[in-house]
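Structure below is coords_25.csv: CSV, C-alpha atoms.
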chain,number,residue,atom,x,y,z
D,1,GLY,CA,160.7,83.5,90.6
D,2,THR,CA,157.0,84.0,91.1
D,3,ALA,CA,154.6,83.2,93.9
D,4,PRO,CA,150.8,83.2,93.6
D,5,GLY,CA,149.3,86.3,95.3
D,6,TYR,CA,152.7,88.0,95.8
D,7,VAL,CA,154.9,90.4,94.0
D,8,ALA,CA,158.7,90.4,94.3
D,9,LEU,CA,160.1,93.5,96.1
D,10,GLY,CA,162.9,94.0,93.6
D,11,LYS,CA,166.0,92.5,91.8
D,12,TRP,CA,169.6,92.3,93.0
D,13,MET,CA,172.9,91.6,91.4
D,14,LEU,CA,174.3,88.4,92.8
D,15,THR,CA,178.0,87.9,93.9
D,16,GLU,CA,179.4,84.4,93.3
D,17,GLY,CA,179.1,82.2,96.3
D,18,LYS,CA,176.5,84.4,98.1
D,19,THR,CA,173.1,83.1,99.3
D,20,VAL,CA,170.2,85.4,98.6
D,21,TYR,CA,166.7,85.3,99.9
D,22,ALA,CA,163.6,86.4,98.0
D,23,LYS,CA,161.4,89.1,99.5
D,24,TRP,CA,157.8,89.3,98.6
D,25,ILE,CA,155.0,91.8,99.0
D,26,VAL,CA,151.4,90.4,99.3
D,27,ASN,CA,149.1,91.5,96.5
D,28,THR,CA,146.2,93.8,97.3
D,29,TYR,CA,142.9,93.4,95.4
D,30,MET,CA,139.6,95.4,95.2
D,31,LEU,CA,136.2,93.6,95.2
D,32,THR,CA,133.3,95.7,94.1
D,33,PHE,CA,129.6,94.7,94.2
D,34,ASP,CA,126.8,95.1,91.7
D,35,SER,CA,123.7,94.5,93.8
D,36,ASN,CA,121.4,94.2,90.8
D,37,GLY,CA,118.6,96.2,92.3
D,38,GLY,CA,119.4,95.4,95.9
D,39,SER,CA,120.8,97.7,98.6
D,40,PRO,CA,124.1,99.4,97.5
D,41,GLU,CA,127.2,97.8,99.0
D,42,THR,CA,130.6,99.5,99.3
D,43,GLY,CA,133.6,97.8,97.7
D,44,ILE,CA,136.4,96.3,99.9
D,45,THR,CA,140.1,96.3,99.6
D,46,VAL,CA,141.7,92.9,100.7
D,47,GLU,CA,145.0,91.2,100.5
D,48,TYR,CA,145.7,87.8,99.1
D,49,GLY,CA,144.8,85.2,101.7
D,50,ASP,CA,142.8,87.5,104.0
D,51,PHE,CA,139.6,86.0,105.5
D,52,LEU,CA,136.6,87.3,103.6
D,53,THR,CA,133.3,88.5,104.9
D,54,LEU,CA,131.1,89.5,101.9
D,55,PRO,CA,128.2,91.9,102.4
D,56,MET,CA,124.6,90.6,102.5
D,57,PRO,CA,122.4,93.0,100.4
D,58,THR,CA,118.7,93.2,100.8
D,59,ARG,CA,116.0,93.7,98.2
D,60,ALA,CA,112.2,93.9,98.8
D,61,ASN,CA,110.4,90.7,97.9
D,62,TYR,CA,113.5,88.9,96.8
D,63,THR,CA,115.8,86.3,98.4
D,64,PHE,CA,119.6,86.8,98.1
D,65,ASN,CA,121.4,83.8,96.6
D,66,GLY,CA,125.0,84.9,96.9
D,67,TRP,CA,127.6,86.7,94.8
D,68,TYR,CA,128.5,85.5,91.3
D,69,GLU,CA,131.4,86.3,88.9
D,70,SER,CA,129.1,87.2,86.0
D,71,GLU,CA,125.6,88.2,85.3
D,72,THR,CA,122.8,87.5,82.9
D,73,GLY,CA,119.7,89.6,82.6
D,74,ASN,CA,120.6,91.8,85.6
D,75,ASN,CA,121.1,88.8,87.8
D,76,GLY,CA,124.1,87.0,89.0
D,77,SER,CA,125.1,83.9,87.0
D,78,GLY,CA,128.0,81.6,86.2
D,79,THR,CA,130.4,80.7,89.0
D,80,GLN,CA,129.5,81.6,92.6
D,81,PHE,CA,132.2,83.5,94.5
D,82,ASN,CA,132.1,82.0,97.9
D,83,ALA,CA,135.8,81.8,98.9
D,84,ALA,CA,136.5,81.9,102.6
D,85,THR,CA,139.9,83.6,102.0
D,86,MET,CA,140.9,86.0,99.2
D,87,PRO,CA,142.1,84.0,96.2
D,88,ASP,CA,144.8,85.0,93.7
D,89,LEU,CA,143.4,87.5,91.2
D,90,GLY,CA,146.7,87.9,89.3
D,91,ASP,CA,148.4,91.3,89.2
D,92,ASN,CA,148.6,93.5,92.3
D,93,GLY,CA,145.8,96.0,92.3
D,94,THR,CA,143.3,93.9,90.3
D,95,THR,CA,139.7,94.8,90.7
D,96,LYS,CA,137.0,92.1,90.5
D,97,ILE,CA,133.2,92.8,90.1
D,98,LEU,CA,130.8,90.5,91.9
D,99,TYR,CA,127.1,90.3,90.9
D,100,ALA,CA,124.2,89.6,93.3
D,101,LYS,CA,121.9,86.8,92.4
D,102,TRP,CA,118.2,87.0,93.4
D,103,THR,CA,115.1,84.8,93.5
D,104,ALA,CA,111.7,86.4,93.5
D,105,LYS,CA,109.5,85.5,96.5
D,106,THR,CA,106.1,83.9,95.8
D,107,ALA,CA,103.4,86.5,95.0
D,108,ILE,CA,100.2,86.5,97.0
D,109,GLU,CA,97.3,86.3,94.4
D,110,TYR,CA,94.3,87.5,96.4
D,111,THR,CA,91.2,89.4,95.3
D,112,PRO,CA,89.2,90.4,98.4
D,113,ALA,CA,85.4,90.2,98.2
D,114,VAL,CA,82.9,92.5,99.8
D,115,GLN,CA,81.9,91.3,103.3
D,116,SER,CA,78.7,92.3,105.1
D,117,HIS,CA,77.5,92.3,108.7
D,118,THR,CA,74.4,93.5,110.5
D,119,TYR,CA,74.6,96.3,113.0
D,120,GLY,CA,75.2,95.0,116.5
D,121,THR,CA,77.0,91.9,115.4
D,122,ALA,CA,79.6,91.2,118.1
D,123,SER,CA,83.3,91.6,117.0
D,124,ALA,CA,82.3,92.2,113.4
D,125,ALA,CA,85.4,92.7,111.3
D,126,TYR,CA,86.8,92.0,107.8
D,127,THR,CA,88.2,88.5,107.6
D,128,VAL,CA,91.0,87.7,105.2
D,129,SER,CA,90.8,84.1,103.9
D,130,TYR,CA,93.9,83.0,102.1
D,131,PRO,CA,95.1,79.4,102.3
D,132,SER,CA,97.5,78.7,105.1
D,133,LEU,CA,98.5,82.3,105.6
D,134,THR,CA,98.0,84.7,108.5
D,135,GLY,CA,99.5,88.1,109.3
D,136,PHE,CA,97.3,90.2,107.2
D,137,THR,CA,96.5,93.7,108.4
D,138,VAL,CA,93.1,95.3,107.6
D,139,GLU,CA,92.5,99.0,107.9
D,140,TYR,CA,89.2,100.8,107.6
D,141,TYR,CA,88.6,104.4,106.4
D,142,VAL,CA,86.4,106.0,109.0
D,143,GLY,CA,85.6,109.7,109.1
D,144,SER,CA,88.8,111.0,107.4
D,145,ALA,CA,91.4,108.6,108.6
D,146,TRP,CA,92.6,105.0,108.4
D,147,THR,CA,92.3,102.9,111.5
D,148,ALA,CA,92.8,99.2,112.4
D,149,MET,CA,89.7,99.4,114.7
D,150,PRO,CA,86.7,97.9,112.9
D,151,PRO,CA,83.9,100.4,112.7
D,152,THR,CA,80.4,99.7,114.2
D,153,GLY,CA,78.0,102.2,112.6
D,154,ALA,CA,75.8,101.0,109.8
D,155,ARG,CA,77.2,102.1,106.4
D,156,SER,CA,79.7,101.0,103.8
D,157,TYR,CA,83.5,101.5,104.4
D,158,ASP,CA,86.6,101.5,102.2
D,159,ILE,CA,89.3,99.1,103.4
D,160,ARG,CA,92.9,98.3,102.6
D,161,ILE,CA,94.7,95.1,103.3
D,162,THR,CA,98.5,94.6,103.7
D,163,ARG,CA,100.9,91.9,104.6
D,164,ALA,CA,104.7,92.2,105.2
D,165,GLU,CA,106.9,89.9,103.2
D,166,ASP,CA,108.4,86.8,104.9
D,167,THR,CA,111.0,84.3,103.9
D,168,ILE,CA,108.7,82.7,101.3
D,169,TYR,CA,106.0,85.2,100.3
D,170,ALA,CA,106.3,88.7,98.8
D,171,SER,CA,104.6,91.6,100.5
D,172,TYR,CA,100.9,92.2,99.7
D,173,ALA,CA,99.0,95.5,99.4
D,174,SER,CA,95.5,95.6,98.1
D,175,GLY,CA,95.3,99.3,97.6
D,176,THR,CA,92.0,101.0,98.6
D,177,LEU,CA,89.0,98.8,98.2
D,178,ASP,CA,85.9,100.9,97.9
D,179,ASP,CA,82.8,99.9,100.0
D,180,HIS,CA,84.2,96.4,100.8
D,181,PHE,CA,83.1,96.4,104.4
D,182,VAL,CA,79.4,96.8,104.9
D,183,ILE,CA,77.4,97.1,108.1
D,184,ASN,CA,73.7,96.8,107.3
D,185,PRO,CA,71.1,98.5,109.5
D,186,ALA,CA,69.5,96.2,112.0
D,187,THR,CA,65.7,95.6,111.4
D,188,LEU,CA,63.3,96.8,114.0
D,189,THR,CA,59.7,95.6,114.5
D,190,VAL,CA,56.9,96.9,116.6
D,191,THR,CA,54.4,94.8,118.5
D,192,VAL,CA,51.6,95.3,121.0
D,193,LYS,CA,52.7,94.9,124.5
D,194,PRO,CA,51.5,91.5,125.8
D,195,GLY,CA,48.6,91.7,128.2
D,196,VAL,CA,47.5,95.2,127.2
D,197,ILE,CA,43.7,95.6,127.8
D,198,ILE,CA,42.1,98.7,126.3
D,199,THR,CA,39.0,99.7,128.1
D,200,LYS,CA,36.6,102.3,126.5
D,201,ALA,CA,33.1,103.2,127.3
D,202,TYR,CA,30.7,103.2,124.3
D,203,ASP,CA,30.3,106.8,123.3
D,204,GLU,CA,29.8,106.5,119.5
D,205,ASP,CA,33.4,107.8,119.1
D,206,ALA,CA,35.9,105.5,117.4
D,207,ALA,CA,39.0,107.1,119.0
D,208,VAL,CA,40.8,105.4,121.9
D,209,ASP,CA,42.7,108.1,123.8
D,210,GLY,CA,44.7,109.1,120.8
D,211,VAL,CA,48.4,108.3,120.9
D,212,GLN,CA,49.6,105.7,123.5
D,213,SER,CA,53.4,105.2,123.8
D,214,ASP,CA,53.3,102.6,126.5
D,215,TRP,CA,51.2,100.1,124.6
D,216,LEU,CA,53.9,99.3,122.0
D,217,ILE,CA,57.2,97.4,122.1
D,218,VAL,CA,60.2,98.1,119.8
D,219,ASN,CA,62.0,94.8,119.0
D,220,GLY,CA,65.5,94.3,117.6
D,221,LEU,CA,67.4,97.0,119.5
D,222,LYS,CA,71.1,96.2,120.0
D,223,ASN,CA,73.7,96.8,122.7
D,224,GLY,CA,71.1,97.8,125.3
D,225,GLU,CA,70.0,100.9,123.2
D,226,THR,CA,66.6,102.4,123.7
D,227,ALA,CA,63.7,103.5,121.6
D,228,THR,CA,59.9,103.8,121.9
D,229,ALA,CA,57.1,103.5,119.5
D,230,VAL,CA,53.8,105.5,119.3
D,231,GLY,CA,50.8,105.1,117.1
D,232,THR,CA,47.2,106.2,116.7
D,233,TRP,CA,44.7,103.7,118.1
D,234,SER,CA,41.0,103.5,117.1
D,235,TYR,CA,38.1,101.1,117.2
D,236,ALA,CA,37.2,99.5,113.9
D,237,ASN,CA,33.6,100.6,114.7
D,238,ALA,CA,31.8,102.3,117.5
D,239,ASP,CA,29.3,99.5,118.2
D,240,ALA,CA,28.9,98.6,121.9
D,241,GLY,CA,30.4,95.3,123.1
D,242,THR,CA,33.6,93.6,124.1
D,243,GLY,CA,36.3,92.0,121.9
D,244,LYS,CA,36.1,94.6,119.2
D,245,PRO,CA,39.3,95.0,117.1
D,246,VAL,CA,41.5,98.0,117.7
D,247,ASN,CA,43.5,99.3,114.8
D,248,ILE,CA,46.9,100.9,115.4
D,249,THR,CA,48.1,103.2,112.6
D,250,GLU,CA,50.6,106.0,112.0
D,251,ILE,CA,53.2,104.1,114.0
D,252,SER,CA,56.5,105.9,114.4
D,253,ILE,CA,59.7,105.3,116.4
D,254,ALA,CA,61.3,107.8,118.8
D,255,TYR,CA,64.9,107.0,119.2
D,256,GLY,CA,66.4,107.3,122.6
D,257,THR,CA,70.0,106.2,123.0
D,258,ALA,CA,69.7,104.3,119.7
D,259,ASN,CA,70.9,106.0,116.5
D,260,SER,CA,68.3,105.9,113.7
D,261,ALA,CA,71.0,105.5,111.1
D,262,ASN,CA,71.8,102.1,112.5
D,263,TYR,CA,68.3,100.7,112.1
D,264,SER,CA,65.6,100.2,109.5
D,265,TYR,CA,61.9,100.2,110.2
D,266,THR,CA,59.1,99.7,107.8
D,267,PRO,CA,55.8,101.1,109.2
D,268,ALA,CA,53.0,98.6,109.4
D,269,SER,CA,49.6,98.8,110.9
D,270,LEU,CA,48.7,96.6,113.9
D,271,SER,CA,45.6,95.5,115.7
D,272,THR,CA,44.6,94.3,119.1
D,273,THR,CA,41.4,93.6,120.9
D,274,GLY,CA,39.5,96.1,122.9
D,275,ASP,CA,37.4,95.6,126.0
Entire entry expressed as structure tokens:
Amino acid sequence: GTAPGYVALGKWMLTEGKTVYAKWIVNTYMLTFDSNGGSPETGITVEYGDFLTLPMPTRANYTFNGWYESETGNNGSGTQFNAATMPDLGDNGTTKILYAKWTAKTAIEYTPAVQSHTYGTASAAYTVSYPSLTGFTVEYYVGSAWTAMPPTGARSYDIRITRAEDTIYASYASGTLDDHFVINPATLTVTVKPGVIITKAYDEDAAVDGVQSDWLIVNGLKNGETATAVGTWSYANADAGTGKPVNITEISIAYGTANSANYSYTPASLSTTGD
């Protein structure tokens, strides 16, 4: 006789009146796995009726949908093989190939734009705006290395943006984005110190003590940084009298703790009133 999943051990000559009993050996089968681009999986040898634990391959940016008995276009198709125990494959020693089926995860379609800040802006960093998604990592090329710490110095920086895949979305990598994070110099202005009174006796000389550094104020400094301004002061004319206009020209800034690369200043002449 026959029995599914078994092979008879042998044949015997029967003597009349004797009762004989069949002896069977369980069939052994080989399952091999074609991962179709996923992680390689080692085949298994199982006996008919054994409990099955099939491997779970992985593949970047794809979701595994199970093992199938045929394939189409390098992807599992047809009947899914999801038996809990090893079924009958026919002859002892039969090998069966199973094919992985995959579904591609959703691609993130994102084109980052250039973002600009002004030097001294608190917590300035590149902000990724993609609907309903978080988890992006932004790196900045500073000096000669990539860092996740946003730079602060005024200049343009290359960046790169990445995001690891999750259960729905494929991984994202922008590649190097040239000059996409810009920190513009902060603008400085110079004004005359409030309440300054310039006193000068009439001597037919237009000069007012030459350069005076404590009469000017530098505005727009960031982060408690320091700088001073100097200029050349002179009366518009040398006539005697009070309330005469005083011109301030050749104004320049001397940077203390401030870095001149982080600031812009356009020299402009000033005036105040003399006494």
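For the atom pair formed by atom CA of Asp50 of chain D and atom CA of Thr28 of chain D, the distance is 9.8 Å, given to one decimal.
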Atom CA of Gly49 of chain D to atom CA of Ser35 of chain D, distance in Å rounded to a single decimal: 24.4 Å
Show which residues sit within 8 Å of Ser252 of chain D, as an NGL selection string. Count all atoms listed in the file, and ignore same-chain residues fewer than 2 positions away. :D and (229-231 or 250 or 254 or 267)
Quick one: of D:Thr226, D:Thr103, D:Gln80, D:Thr272, who's nearest to Thr63 of chain D, counting only C-alpha atoms?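 Nearest candidate to Thr63 of chain D out of D:Thr226, D:Thr103, D:Gln80, D:Thr272: D:Thr103.
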Separation of atom CA of Asp158 of chain D from atom CA of His117 of chain D in Å: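 Interatomic distance here is 14.5 Å.
Considering the residues D:Leu133, D:Leu216, D:Ala227, D:Ala113 and counting all atoms listed in the file, His180 of chain D has its shortest atom-to-atom contact with D:Ala113.
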